[in-house]
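**Student:** Enclosed is the structure file model13.csv (CSV, C-alpha atoms).
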chain,number,residue,atom,x,y,z
X,25,MET,CA,0.0,0.0,0.0
X,26,ILE,CA,2.8,2.4,0.8
X,27,GLU,CA,4.3,1.5,-2.6
X,28,GLN,CA,1.1,2.3,-4.4
X,29,GLN,CA,0.8,5.6,-2.5
X,30,ALA,CA,4.2,6.5,-3.7
X,31,VAL,CA,3.3,5.7,-7.3
X,32,ARG,CA,0.2,7.9,-7.1
X,33,ALA,CA,2.3,10.7,-5.5
X,34,GLY,CA,4.7,10.6,-8.4
X,35,THR,CA,2.3,11.9,-11.0
X,36,HIS,CA,2.9,15.6,-10.8
X,37,ALA,CA,5.1,15.9,-13.9
X,38,THR,CA,2.7,13.8,-16.0
X,39,VAL,CA,-0.3,15.8,-14.9
X,40,THR,CA,1.5,19.1,-15.6
X,41,VAL,CA,2.4,18.0,-19.1
X,42,LEU,CA,-1.2,16.9,-19.8
X,43,ARG,CA,-2.6,20.2,-18.5
X,44,ILE,CA,-0.1,22.4,-20.5
X,45,GLY,CA,-0.9,20.3,-23.6
X,46,THR,CA,-4.6,20.8,-23.2
X,47,LEU,CA,-4.3,24.6,-22.8
X,48,LEU,CA,-1.8,25.0,-25.7
X,49,GLY,CA,-3.7,22.8,-28.0
X,50,ALA,CA,-7.1,24.4,-27.3
X,51,ALA,CA,-5.5,27.9,-27.7
X,52,LEU,CA,-4.0,27.0,-31.1
X,53,LEU,CA,-7.3,25.5,-32.3
X,54,LEU,CA,-9.4,28.4,-31.1
X,55,GLY,CA,-6.9,30.8,-32.6
X,56,GLY,CA,-7.1,28.9,-35.9
X,57,ILE,CA,-10.9,29.0,-35.9
X,58,LEU,CA,-10.9,32.7,-35.3
X,59,LEU,CA,-8.2,33.3,-38.0
X,60,ASP,CA,-10.3,31.2,-40.5
X,61,ALA,CA,-13.4,33.3,-39.7
X,62,VAL,CA,-11.5,36.5,-40.4
X,63,ARG,CA,-9.1,35.6,-43.1
X,64,GLY,CA,-10.1,32.2,-44.4
X,65,GLY,CA,-7.7,29.5,-45.5
X,66,GLY,CA,-8.2,27.1,-42.7
X,67,GLY,CA,-9.9,24.2,-44.5
X,68,GLY,CA,-8.5,21.2,-46.1
X,69,PRO,CA,-6.0,18.5,-45.0
X,70,ALA,CA,-3.6,19.3,-42.2
X,71,ILE,CA,-0.4,20.9,-43.5
X,72,ASP,CA,3.2,19.6,-43.6
X,73,PRO,CA,4.5,20.0,-40.0
X,74,THR,CA,7.7,21.6,-41.2
X,75,THR,CA,5.8,24.5,-42.6
X,76,ILE,CA,3.8,25.1,-39.4
X,77,PRO,CA,6.3,27.5,-37.6
X,78,GLY,CA,6.3,29.9,-40.6
X,79,GLY,CA,2.5,29.6,-40.9
X,80,LEU,CA,2.1,30.4,-37.2
X,81,VAL,CA,4.1,33.6,-37.5
X,82,ALA,CA,2.3,34.6,-40.7
X,83,LEU,CA,-1.1,34.0,-38.9
X,84,LYS,CA,-2.3,31.4,-41.4
X,85,ALA,CA,-5.4,29.7,-40.1
X,86,GLY,CA,-4.3,26.3,-41.6
X,87,ALA,CA,-1.0,26.4,-39.6
X,88,TRP,CA,-2.7,27.3,-36.4
X,89,VAL,CA,-5.4,24.5,-36.5
X,90,SER,CA,-2.8,22.0,-37.7
X,91,ALA,CA,-0.5,22.9,-34.9
X,92,GLY,CA,-3.4,22.6,-32.4
X,93,ALA,CA,-4.3,19.1,-33.7
X,94,LEU,CA,-0.7,18.1,-33.5
X,95,VAL,CA,-0.3,19.4,-30.0
X,96,LEU,CA,-3.3,17.4,-28.8
X,97,LEU,CA,-2.0,14.2,-30.5
X,98,LEU,CA,1.6,14.7,-29.2
X,99,THR,CA,0.7,15.5,-25.6
X,100,PRO,CA,0.0,11.9,-24.5
X,101,PRO,CA,3.4,10.7,-25.8
X,102,VAL,CA,5.1,13.6,-24.1
X,103,GLY,CA,3.2,12.7,-21.0
X,104,LEU,CA,4.6,9.2,-21.3
X,105,VAL,CA,8.1,10.6,-21.3
X,106,ALA,CA,7.3,12.4,-18.0
X,107,THR,CA,5.8,9.1,-16.7
X,108,ALA,CA,8.9,7.2,-17.6
X,109,LEU,CA,11.0,9.6,-15.6
X,110,GLU,CA,8.6,9.4,-12.7
X,111,PHE,CA,8.8,5.6,-12.6
X,112,LEU,CA,12.6,5.7,-12.7
X,113,HIS,CA,12.8,6.1,-9.0
X,114,LEU,CA,9.6,4.4,-8.0
X,115,GLU,CA,9.4,1.2,-10.2
X,116,PRO,CA,12.1,1.2,-12.9
X,117,ARG,CA,10.5,-1.8,-14.7
X,118,TYR,CA,7.6,0.5,-15.6
X,119,THR,CA,10.0,3.0,-17.1
X,120,GLY,CA,10.8,0.1,-19.4
X,121,VAL,CA,7.1,-0.4,-20.2
X,122,CYS,CA,6.8,3.3,-20.9
X,123,LEU,CA,9.7,3.2,-23.3
X,124,LEU,CA,8.1,0.2,-25.0
X,125,VAL,CA,4.9,2.2,-25.6
X,126,LEU,CA,6.9,5.1,-26.8
X,127,GLY,CA,8.7,2.8,-29.2
X,128,VAL,CA,5.3,1.7,-30.6
X,129,LEU,CA,4.3,5.3,-31.0
X,130,ALA,CA,7.6,6.1,-32.7
X,131,ALA,CA,7.0,3.3,-35.1
X,132,SER,CA,3.6,4.9,-35.9
X,133,VAL,CA,5.4,8.2,-36.7
X,134,ALA,CA,8.0,6.4,-38.8
X,135,ILE,CA,5.3,4.6,-40.8
X,136,ALA,CA,3.4,7.9,-41.2
X,137,VAL,CA,6.5,9.7,-42.4
X,138,ARG,CA,7.2,7.0,-45.1
X,139,ILE,CA,3.6,7.2,-46.4
T,183,MET,CA,-20.7,24.6,-40.3
T,184,ILE,CA,-18.1,25.0,-37.5
T,185,LEU,CA,-20.8,25.9,-35.0
T,186,LEU,CA,-22.8,22.9,-36.1
T,187,LEU,CA,-19.8,20.6,-35.7
T,188,ALA,CA,-19.2,22.0,-32.2
T,189,ALA,CA,-22.8,21.6,-31.2
T,190,ILE,CA,-22.8,17.9,-32.3
T,191,ALA,CA,-19.5,17.4,-30.5
T,192,VAL,CA,-20.8,19.0,-27.3
T,193,PHE,CA,-23.9,16.7,-27.4
T,194,ALA,CA,-21.7,13.7,-28.1
T,195,GLY,CA,-19.3,14.5,-25.3
T,196,ALA,CA,-22.1,15.1,-22.8
T,197,PHE,CA,-24.1,12.1,-23.8
T,198,GLY,CA,-21.0,9.9,-23.8
T,199,ALA,CA,-20.0,11.1,-20.3
T,200,LEU,CA,-23.5,10.5,-19.0
T,201,VAL,CA,-23.7,6.9,-20.2
T,202,GLY,CA,-20.0,6.1,-19.8
T,203,VAL,CA,-18.9,5.8,-23.4
T,204,GLY,CA,-16.6,7.9,-25.6
T,205,GLY,CA,-17.8,10.7,-27.8
T,206,GLY,CA,-16.5,9.0,-31.0
T,207,LEU,CA,-19.4,6.6,-31.1
T,208,VAL,CA,-21.8,9.6,-31.6
T,209,VAL,CA,-19.4,12.0,-33.4
T,210,VAL,CA,-18.4,9.8,-36.3
T,211,PRO,CA,-21.8,8.7,-37.4
T,212,ALA,CA,-23.3,12.1,-36.7
T,213,LEU,CA,-20.7,13.9,-38.9
T,214,THR,CA,-21.0,11.2,-41.6
T,215,ILE,CA,-24.8,11.0,-41.7
T,216,LEU,CA,-25.9,14.5,-40.8
T,217,LEU,CA,-23.2,16.6,-42.3
T,218,GLY,CA,-21.9,14.4,-45.1
T,219,VAL,CA,-18.3,14.5,-43.8
T,220,PRO,CA,-16.4,11.6,-45.3
T,221,ILE,CA,-16.1,8.8,-42.8
T,222,LYS,CA,-12.3,8.8,-42.7
T,223,THR,CA,-12.2,12.5,-42.1
T,224,ALA,CA,-14.8,12.1,-39.4
T,225,ALA,CA,-12.7,9.3,-37.8
T,226,ALA,CA,-9.6,11.4,-37.9
T,227,ALA,CA,-11.4,14.4,-36.3
T,228,SER,CA,-12.8,12.1,-33.7
T,229,LEU,CA,-9.3,10.8,-32.8
T,230,VAL,CA,-8.2,14.4,-32.0
T,231,GLY,CA,-11.3,14.7,-29.8
T,232,VAL,CA,-10.5,11.3,-28.1
T,233,ALA,CA,-7.0,12.5,-27.4
T,234,ALA,CA,-8.4,15.8,-26.0
T,235,THR,CA,-10.8,13.9,-23.7
T,236,SER,CA,-8.1,11.5,-22.6
T,237,ILE,CA,-5.7,14.4,-21.7
T,238,VAL,CA,-8.3,16.3,-19.7
T,239,GLY,CA,-9.8,13.2,-18.0
T,240,GLY,CA,-6.5,11.4,-17.5
T,241,ALA,CA,-5.0,14.4,-15.7
T,242,ARG,CA,-7.9,14.4,-13.2
T,243,TYR,CA,-7.9,10.7,-12.7
T,244,LEU,CA,-4.1,10.5,-12.1
T,245,GLU,CA,-4.3,13.3,-9.6
T,246,THR,CA,-7.1,11.6,-7.6
T,247,GLY,CA,-5.4,8.2,-7.8
T,248,VAL,CA,-8.2,6.4,-9.5
T,249,ALA,CA,-6.5,5.5,-12.8
T,250,ASP,CA,-4.2,2.5,-12.6
T,251,ARG,CA,-1.2,3.8,-14.5
T,252,ARG,CA,0.7,0.5,-14.3
T,253,LEU,CA,-2.2,-1.5,-15.7
T,254,GLY,CA,-2.9,1.1,-18.3
T,255,LEU,CA,0.7,1.2,-19.5
T,256,ILE,CA,0.9,-2.6,-19.9
T,257,LEU,CA,-2.3,-2.7,-21.9
T,258,LEU,CA,-1.2,0.4,-23.9
T,259,VAL,CA,1.5,-1.7,-25.6
T,260,ALA,CA,-1.3,-3.7,-27.1
T,261,THR,CA,-3.8,-0.9,-27.8
T,262,ALA,CA,-1.2,1.4,-29.4
T,263,SER,CA,0.0,-1.5,-31.6
T,264,GLY,CA,-3.5,-2.3,-32.6
T,265,ALA,CA,-4.3,1.3,-33.3
T,266,ILE,CA,-1.4,1.5,-35.8
T,267,ALA,CA,-2.7,-1.5,-37.7
T,268,GLY,CA,-6.2,-0.1,-37.5
T,269,GLY,CA,-5.1,3.3,-38.8
T,270,LEU,CA,-3.1,1.7,-41.7
T,271,PHE,CA,-6.1,-0.4,-42.8
T,272,ALA,CA,-8.6,2.3,-42.4
T,273,THR,CA,-6.9,4.7,-44.6
T,274,SER,CA,-6.8,2.1,-47.4
T,275,LEU,CA,-10.1,0.3,-46.9
T,276,ASP,CA,-13.3,1.0,-48.9
T,277,VAL,CA,-15.5,3.4,-47.0
T,278,ARG,CA,-18.4,0.9,-47.3
T,279,ILE,CA,-16.4,-1.7,-45.3
T,280,LEU,CA,-15.7,0.9,-42.6
T,281,SER,CA,-19.4,1.9,-42.5
T,282,GLY,CA,-20.3,-1.8,-42.1
T,283,LEU,CA,-17.8,-2.3,-39.3
T,284,PHE,CA,-19.1,0.8,-37.5
T,285,ALA,CA,-22.7,-0.5,-37.8
T,286,ILE,CA,-21.6,-3.8,-36.1
T,287,VAL,CA,-19.9,-1.9,-33.3
T,288,GLN,CA,-23.0,0.3,-32.8
T,289,VAL,CA,-25.2,-2.9,-32.5
T,290,PHE,CA,-22.7,-4.3,-29.9
T,291,VAL,CA,-22.8,-1.0,-28.0
T,292,ALA,CA,-26.7,-1.0,-28.1
T,293,VAL,CA,-26.8,-4.5,-26.6
T,294,GLN,CA,-24.3,-3.5,-23.9
T,295,MET,CA,-26.5,-0.5,-23.0
T,296,VAL,CA,-29.6,-2.5,-22.4
T,297,ARG,CA,-28.0,-5.5,-20.6
T,298,PRO,CA,-27.7,-5.3,-16.9
T,299,PRO,CA,-24.1,-4.2,-16.0
T,300,ARG,CA,-21.9,-7.3,-15.5
T,301,VAL,CA,-19.1,-7.2,-13.1
T,302,ALA,CA,-17.2,-10.3,-12.1
T,303,SER,CA,-17.4,-11.0,-8.4
T,304,GLU,CA,-14.4,-11.8,-6.4
T,305,ARG,CA,-15.5,-15.3,-5.3
T,306,ASP,CA,-12.0,-16.8,-5.6
T,307,GLY,CA,-9.7,-14.6,-3.6
T,308,ALA,CA,-6.5,-16.6,-4.5
T,309,PRO,CA,-4.2,-14.7,-6.8
T,310,ARG,CA,-4.0,-16.1,-10.4
T,311,PRO,CA,-0.9,-16.2,-12.5
T,312,GLY,CA,-0.6,-13.1,-14.6
T,313,SER,CA,-2.4,-10.8,-12.1
T,314,LEU,CA,-1.4,-7.3,-10.9
T,315,ALA,CA,-2.1,-6.1,-7.4
T,316,SER,CA,-3.0,-2.4,-6.8
T,317,SER,CA,-5.4,-0.2,-4.9
T,318,PHE,CA,-7.4,3.0,-5.4
T,319,ILE,CA,-8.8,5.8,-3.3
T,320,GLU,CA,-12.6,5.9,-3.2
T,321,PRO,CA,-13.4,9.6,-4.1
T,322,GLY,CA,-16.3,9.9,-1.7
T,323,SER,CA,-15.0,8.2,1.4
T,324,GLY,CA,-11.2,8.5,0.9
T,325,LEU,CA,-10.8,4.8,1.7
T,326,GLU,CA,-8.0,2.9,0.0
T,327,THR,CA,-9.6,-0.1,-1.7
T,328,PRO,CA,-7.3,-3.0,-2.8
T,329,TYR,CA,-7.9,-5.0,-5.9
T,330,ARG,CA,-6.1,-7.4,-8.2
T,331,ALA,CA,-6.2,-7.3,-12.0
T,332,HIS,CA,-6.3,-10.9,-13.3
T,333,ARG,CA,-5.7,-12.6,-16.7
T,334,LEU,CA,-3.2,-10.0,-18.1
T,335,PRO,CA,-2.3,-12.2,-21.1
T,336,GLN,CA,-5.9,-12.6,-22.3
T,337,ALA,CA,-6.6,-8.9,-21.6
T,338,PHE,CA,-3.5,-8.0,-23.7
T,339,GLY,CA,-5.1,-9.8,-26.7
T,340,LEU,CA,-8.4,-8.0,-26.3
T,341,SER,CA,-6.6,-4.7,-26.0
T,342,LEU,CA,-5.2,-5.3,-29.4
T,343,VAL,CA,-8.8,-5.5,-30.7
T,344,ALA,CA,-9.7,-2.3,-28.8
T,345,GLY,CA,-6.7,-0.5,-30.4
T,346,SER,CA,-7.6,-1.8,-33.9
T,347,LEU,CA,-11.2,-0.6,-33.6
T,348,SER,CA,-9.9,2.8,-32.4
T,349,GLY,CA,-7.6,3.2,-35.4
T,350,LEU,CA,-10.2,1.8,-37.9
T,351,LEU,CA,-13.2,3.8,-36.7
T,352,GLY,CA,-11.9,6.8,-34.8
T,353,ILE,CA,-13.5,5.7,-31.5
T,354,GLY,CA,-11.7,5.5,-28.2
T,355,GLY,CA,-11.6,1.8,-27.7
T,356,GLY,CA,-13.2,2.0,-24.3
T,357,VAL,CA,-16.1,0.0,-25.6
T,358,VAL,CA,-13.8,-3.0,-25.4
T,359,ASN,CA,-11.3,-1.9,-22.8
T,360,VAL,CA,-13.8,-1.2,-20.0
T,361,PRO,CA,-15.6,-4.6,-20.2
T,362,THR,CA,-12.2,-6.3,-20.6
T,363,MET,CA,-11.0,-4.8,-17.3
T,364,THR,CA,-14.2,-5.1,-15.4
T,365,ILE,CA,-15.4,-8.6,-16.4
T,366,LEU,CA,-12.2,-10.4,-17.5
T,367,MET,CA,-9.7,-8.8,-15.2
T,368,ARG,CA,-12.1,-8.1,-12.2
T,369,VAL,CA,-11.0,-4.5,-11.9
T,370,PRO,CA,-13.4,-2.1,-10.1
T,371,VAL,CA,-15.6,-0.2,-12.6
T,372,ARG,CA,-14.4,3.2,-11.5
T,373,VAL,CA,-10.8,2.1,-12.0
T,374,ALA,CA,-11.6,0.6,-15.3
T,375,THR,CA,-13.3,3.6,-16.8
T,376,SER,CA,-10.6,6.0,-15.5
T,377,THR,CA,-7.7,3.8,-16.7
T,378,SER,CA,-9.4,3.5,-20.1
T,379,THR,CA,-9.7,7.3,-20.3
T,380,TYR,CA,-6.0,7.6,-19.4
T,381,MET,CA,-5.1,5.1,-22.2
T,382,LEU,CA,-7.2,6.6,-25.0
T,383,GLY,CA,-4.8,9.5,-25.7
T,384,ALA,CA,-1.7,7.4,-26.6
T,385,THR,CA,-4.0,5.1,-28.5
T,386,ALA,CA,-5.4,7.9,-30.6
T,387,ALA,CA,-1.9,9.4,-31.1
T,388,ALA,CA,-0.8,6.1,-32.6
T,389,SER,CA,-3.3,6.1,-35.5
T,390,GLY,CA,-3.8,9.9,-35.6
T,391,ALA,CA,-0.3,10.2,-37.0
T,392,ILE,CA,-1.2,8.0,-39.9
T,393,TYR,CA,-4.4,9.8,-40.7
T,394,TYR,CA,-2.4,13.1,-40.5
T,395,ALA,CA,0.2,11.8,-42.9
T,396,ARG,CA,-2.3,10.5,-45.4
T,397,GLY,CA,-4.1,13.9,-45.6
T,398,GLN,CA,-7.3,12.6,-44.0
T,399,LEU,CA,-7.2,14.9,-40.9
T,400,ASP,CA,-9.0,18.2,-41.6
T,401,PRO,CA,-8.0,20.3,-38.6
T,402,LEU,CA,-10.9,22.7,-39.3
T,403,VAL,CA,-13.3,19.8,-38.7
T,404,ALA,CA,-11.2,18.4,-35.8
T,405,ALA,CA,-10.9,21.7,-34.0
T,406,PRO,CA,-14.6,22.3,-33.1
T,407,VAL,CA,-15.0,18.5,-32.5
T,408,ALA,CA,-12.2,18.5,-30.0
T,409,ILE,CA,-13.3,21.6,-28.2
T,410,GLY,CA,-16.9,20.5,-28.2
T,411,ILE,CA,-16.2,17.1,-26.9
T,412,ILE,CA,-14.2,18.5,-24.0
T,413,ILE,CA,-16.9,21.0,-23.1
T,414,GLY,CA,-19.7,18.3,-23.4
T,415,ALA,CA,-17.8,15.7,-21.5
T,416,ARG,CA,-17.1,18.0,-18.5
T,417,ALA,CA,-20.8,19.1,-18.5
T,418,GLY,CA,-22.0,15.5,-18.7
T,419,ALA,CA,-19.8,14.3,-15.9
T,420,ARG,CA,-21.1,17.1,-13.7
T,421,PHE,CA,-24.7,16.1,-14.2
T,422,SER,CA,-24.3,12.3,-14.4
T,423,ALA,CA,-25.4,11.8,-10.8
T,424,ARG,CA,-28.7,13.7,-11.3
T,425,VAL,CA,-30.1,11.8,-14.3
T,426,SER,CA,-31.5,8.3,-14.6
T,427,GLN,CA,-28.9,6.0,-15.9
T,428,THR,CA,-31.4,3.4,-17.1
T,429,ALA,CA,-33.3,6.0,-19.2
T,430,LEU,CA,-30.1,7.3,-20.6
T,431,ARG,CA,-28.7,3.9,-21.5
T,432,ALA,CA,-32.0,3.0,-23.3
T,433,LEU,CA,-31.9,6.3,-25.2
T,434,PHE,CA,-28.3,5.7,-26.2
T,435,ALA,CA,-29.2,2.2,-27.3
T,436,GLY,CA,-31.9,3.6,-29.5
T,437,LEU,CA,-29.5,6.2,-30.9
T,438,SER,CA,-26.9,3.5,-31.6
T,439,ILE,CA,-29.5,1.3,-33.5
T,440,ILE,CA,-30.5,4.3,-35.6
T,441,PHE,CA,-26.8,5.0,-36.4
T,442,ALA,CA,-26.2,1.3,-37.1
T,443,ILE,CA,-29.1,1.2,-39.6
T,444,GLN,CA,-27.9,4.4,-41.3
T,445,MET,CA,-24.2,3.3,-41.4
T,446,GLY,CA,-25.2,-0.2,-42.5
T,447,ALA,CA,-27.3,1.2,-45.4
T,448,ARG,CA,-24.1,2.7,-46.7
T,449,VAL,CA,-22.7,-0.7,-47.3
T,450,LEU,CA,-25.3,-1.5,-49.9
What would the structure in this file look like if it were written as C-alpha cells?

**Tutor:**
Amino acid sequence: MIEQQAVRAGTHATVTVLRIGTLLGAALLLGGILLDAVRGGGGGPAIDPTTIPGGLVALKAGAWVSAGALVLLLTPPVGLVATALEFLHLEPRYTGVCLLVLGVLAASVAIAVRI
Amino acid sequence: MILLLAAIAVFAGAFGALVGVGGGLVVVPALTILLGVPIKTAAAASLVGVAATSIVGGARYLETGVADRRLGLILLVATASGAIAGGLFATSLDVRILSGLFAIVQVFVAVQMVRPPRVASERDGAPRPGSLASSFIEPGSGLETPYRAHRLPQAFGLSLVAGSLSGLLGIGGGVVNVPTMTILMRVPVRVATSTSTYMLGATAAASGAIYYARGQLDPLVAAPVAIGIIIGARAGARFSARVSQTALRALFAGLSIIFAIQMGARVL
C-alpha cells in the first residue's frame, strides 16, 4: 500500500504535461478557428508539420489549426516521457514499459513519415 | 458549419460522459450521416477529440489516484500496436467496409447498453498467474480499496482488438477496454473507466499520426470537434449523478441502433 501511494504521489510531472498540452492545443485550435473566420484558408488537409512555424508567424489559419491538432495528438506521448522519468525512482521496470509504448508510437510516426 | 460541428461534439461529449462511453461513437456517425463528412475525415477528427478527452480526464484521474497507471501502460503496448494496424487499414479500406464495421460496433454497444451491467465478483480470492495487485482511493470516502487485475495475457489480446477498432473507426476503444477490465480482469468499474480514459490519448496518437500523414485529418473539422467534446464531457460528468442511468442507456441504445441502420445502409 505504501508503494502504491508513492506511485500515485509521483504523477505531478505527467499531470503538468497533460494540462499544458490541453491549454496550448485548445488555444491554437481556437486561434485557428478565429483566423479562419477573419481571413479564411483554414480548411483542407492538415499541412506539412515543417511549414507550421512559418505559418504560425504569418497568422495562417491552416497552420494554427494543424498545430493545435498536432499538440493534442503529441501531448499523450510527451506525458509518457514524464511518466517514464517518474517511474525511474519508483518502479524502474515501468520505465521500461513506458519506453516500449513510446517505441510503438515512434513506429507509428516512422510509418506515417514514409507514407 | 463550425458551430454545427461544435454543437454535435458537445452533445456527443455530454451524452458519452453521462452513459460512460466515448464521444466518438456519436461524433463519427453524426458527422457522416448529418453533415456528409467523409467517414475517414470524421474518424480522424474524432481521434483528435478522443486525445483531448483523454488528456483532460486522464490528468484528473491521475491526480485523484483512481486511474491505474501501471495496468494502463501494460495494456497500452497492445492498444497502441492495434491502433497502428487499424489506422493503416482504415486509410486504405473502402468506406463501405468501414461503415459496415461501424454498424456492427454500434449494435454491440446498443446491446451492452440494455443489458444489466456485468461485473465479475471476487469469489475466488486466490491470486491467479498473470495478475497485478493495486489499490485506489474511493473519491467519496477517501478509503483505500485494494484489488487485483487478473488474466493479463488474455486482456492483452483484447486490448489489441480495442486499439484496432480505435484506429479503424476513430473511436476511443473504451467499448472493449472497459468490459475487458471489469469482467475479465475483475478491476473495479471506477478504476476501469478512468484507466481506459487515461489510455485513450496514446491510442489515438498512434493512429492519428497515420491519418495526418495521409491527408485525412482536416483540422478545421477536428478543432470544433475536440473543443466541443471537452466541453460536453465535462458538463455531462457534472450532471451524471442527477439523471436516470437506465433511461439514458435506453436512449443511447436507441440512438446506436439508428446509427447502425444508417451506417449499415451505406454498405449497400

**Student:** Do you have, as JSON lines, the list of residues of chain X lying at most 8 Å from chain T, each with its nearest atom pair and that distance in Å to one decimal, counting only C-alpha atoms and ordered by chain then number?

**Tutor:**
{"residue": "X:Met25", "atom": "CA", "partner": "T:Ser317", "partner_atom": "CA", "distance": 7.3}
{"residue": "X:Gln28", "atom": "CA", "partner": "T:Ser316", "partner_atom": "CA", "distance": 6.7}
{"residue": "X:Arg32", "atom": "CA", "partner": "T:Gly247", "partner_atom": "CA", "distance": 5.7}
{"residue": "X:Thr35", "atom": "CA", "partner": "T:Leu244", "partner_atom": "CA", "distance": 6.6}
{"residue": "X:His36", "atom": "CA", "partner": "T:Glu245", "partner_atom": "CA", "distance": 7.7}
{"residue": "X:Thr38", "atom": "CA", "partner": "T:Ala241", "partner_atom": "CA", "distance": 7.7}
{"residue": "X:Val39", "atom": "CA", "partner": "T:Ala241", "partner_atom": "CA", "distance": 5.0}
{"residue": "X:Leu42", "atom": "CA", "partner": "T:Ile237", "partner_atom": "CA", "distance": 5.5}
{"residue": "X:Arg43", "atom": "CA", "partner": "T:Ala241", "partner_atom": "CA", "distance": 6.9}
{"residue": "X:Gly45", "atom": "CA", "partner": "T:Ile237", "partner_atom": "CA", "distance": 7.8}
{"residue": "X:Thr46", "atom": "CA", "partner": "T:Ile237", "partner_atom": "CA", "distance": 6.7}
{"residue": "X:Ala50", "atom": "CA", "partner": "T:Ile409", "partner_atom": "CA", "distance": 6.9}
{"residue": "X:Leu53", "atom": "CA", "partner": "T:Ala405", "partner_atom": "CA", "distance": 5.5}
{"residue": "X:Leu54", "atom": "CA", "partner": "T:Ala405", "partner_atom": "CA", "distance": 7.5}
{"residue": "X:Ile57", "atom": "CA", "partner": "T:Leu402", "partner_atom": "CA", "distance": 7.2}
{"residue": "X:Gly66", "atom": "CA", "partner": "T:Leu402", "partner_atom": "CA", "distance": 6.2}
{"residue": "X:Gly67", "atom": "CA", "partner": "T:Leu402", "partner_atom": "CA", "distance": 5.5}
{"residue": "X:Gly68", "atom": "CA", "partner": "T:Asp400", "partner_atom": "CA", "distance": 5.4}
{"residue": "X:Pro69", "atom": "CA", "partner": "T:Asp400", "partner_atom": "CA", "distance": 4.5}
{"residue": "X:Ala70", "atom": "CA", "partner": "T:Asp400", "partner_atom": "CA", "distance": 5.5}
{"residue": "X:Gly86", "atom": "CA", "partner": "T:Pro401", "partner_atom": "CA", "distance": 7.7}
{"residue": "X:Val89", "atom": "CA", "partner": "T:Pro401", "partner_atom": "CA", "distance": 5.4}
{"residue": "X:Ser90", "atom": "CA", "partner": "T:Pro401", "partner_atom": "CA", "distance": 5.5}
{"residue": "X:Gly92", "atom": "CA", "partner": "T:Ala405", "partner_atom": "CA", "distance": 7.7}
{"residue": "X:Ala93", "atom": "CA", "partner": "T:Pro401", "partner_atom": "CA", "distance": 6.3}
{"residue": "X:Leu96", "atom": "CA", "partner": "T:Ala234", "partner_atom": "CA", "distance": 6.0}
{"residue": "X:Leu97", "atom": "CA", "partner": "T:Ala387", "partner_atom": "CA", "distance": 4.8}
{"residue": "X:Leu98", "atom": "CA", "partner": "T:Ala387", "partner_atom": "CA", "distance": 6.6}
{"residue": "X:Thr99", "atom": "CA", "partner": "T:Ile237", "partner_atom": "CA", "distance": 7.6}
{"residue": "X:Pro100", "atom": "CA", "partner": "T:Ala384", "partner_atom": "CA", "distance": 5.2}
{"residue": "X:Pro101", "atom": "CA", "partner": "T:Ala384", "partner_atom": "CA", "distance": 6.1}
{"residue": "X:Tyr118", "atom": "CA", "partner": "T:Arg252", "partner_atom": "CA", "distance": 7.0}
{"residue": "X:Val121", "atom": "CA", "partner": "T:Ile256", "partner_atom": "CA", "distance": 6.6}
{"residue": "X:Cys122", "atom": "CA", "partner": "T:Leu255", "partner_atom": "CA", "distance": 6.6}
{"residue": "X:Leu124", "atom": "CA", "partner": "T:Val259", "partner_atom": "CA", "distance": 6.9}
{"residue": "X:Val125", "atom": "CA", "partner": "T:Val259", "partner_atom": "CA", "distance": 5.2}
{"residue": "X:Val128", "atom": "CA", "partner": "T:Ser263", "partner_atom": "CA", "distance": 6.3}
{"residue": "X:Leu129", "atom": "CA", "partner": "T:Ala388", "partner_atom": "CA", "distance": 5.4}
{"residue": "X:Ser132", "atom": "CA", "partner": "T:Ala388", "partner_atom": "CA", "distance": 5.6}
{"residue": "X:Val133", "atom": "CA", "partner": "T:Ala391", "partner_atom": "CA", "distance": 6.0}
{"residue": "X:Ile135", "atom": "CA", "partner": "T:Ile392", "partner_atom": "CA", "distance": 7.4}
{"residue": "X:Ala136", "atom": "CA", "partner": "T:Ile392", "partner_atom": "CA", "distance": 4.8}
{"residue": "X:Val137", "atom": "CA", "partner": "T:Ala395", "partner_atom": "CA", "distance": 6.7}
{"residue": "X:Ile139", "atom": "CA", "partner": "T:Ala395", "partner_atom": "CA", "distance": 6.7}

**Student:** Using all atoms listed in the file, which residue out of X:Pro116, X:Leu126, X:Leu59, X:Ala87 lies closest to Val102 of chain X?

**Tutor:**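 Nearest candidate to Val102 of chain X out of X:Pro116, X:Leu126, X:Leu59, X:Ala87: X:Leu126.
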
**Student:** So, with only C-alpha atoms as the atoms that count, which of T:Ser376, T:Val277, T:Gly352, T:Ala442 lies closest to Gly205 of chain T?

**Tutor:**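 The shortest atom-to-atom distance to Gly205 of chain T comes from T:Gly352.
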
**Student:** Give me the residues near Ala331 of chain T as a list in words, where near means some atom within 7 Å (using all atoms listed in the file) and where sequence neighbours in that chain fewer than 4 positions away do not count.

**Tutor:**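 Counting only the stated atoms, we get Ser313, Leu314, Ala315, Met367, Arg368 and Val369 of chain T.
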
**Student:** Pick out the closest residue to Leu104 of chain X from this set: X:Ala131, X:Leu123, X:Val62, X:Leu48. Count all atoms listed in the file.

**Tutor:**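 When distances to Leu104 of chain X are compared using all atoms listed in the file, the smallest one comes from X:Leu123.
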
**Student:** How far is it from atom CA of Arg297 of chain T to atom CA of Arg448 of chain T, in Å with one decimal?

**Tutor:**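 Spanning atom CA of Arg297 of chain T to atom CA of Arg448 of chain T is a straight-line distance of 27.6 Å.
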
**Student:** Quick check, in Å to one decimal: how far apart do atom CA of Val407 of chain T and atom CA of Ala191 of chain T lie?

**Tutor:**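 Computing it gives 5.0 Å between the two atoms.
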
**Student:** Find the distance between atom CA of Phe434 of chain T and atom CA of Val293 of chain T and write it in Å to one decimal.

**Tutor:** 10.3 Å
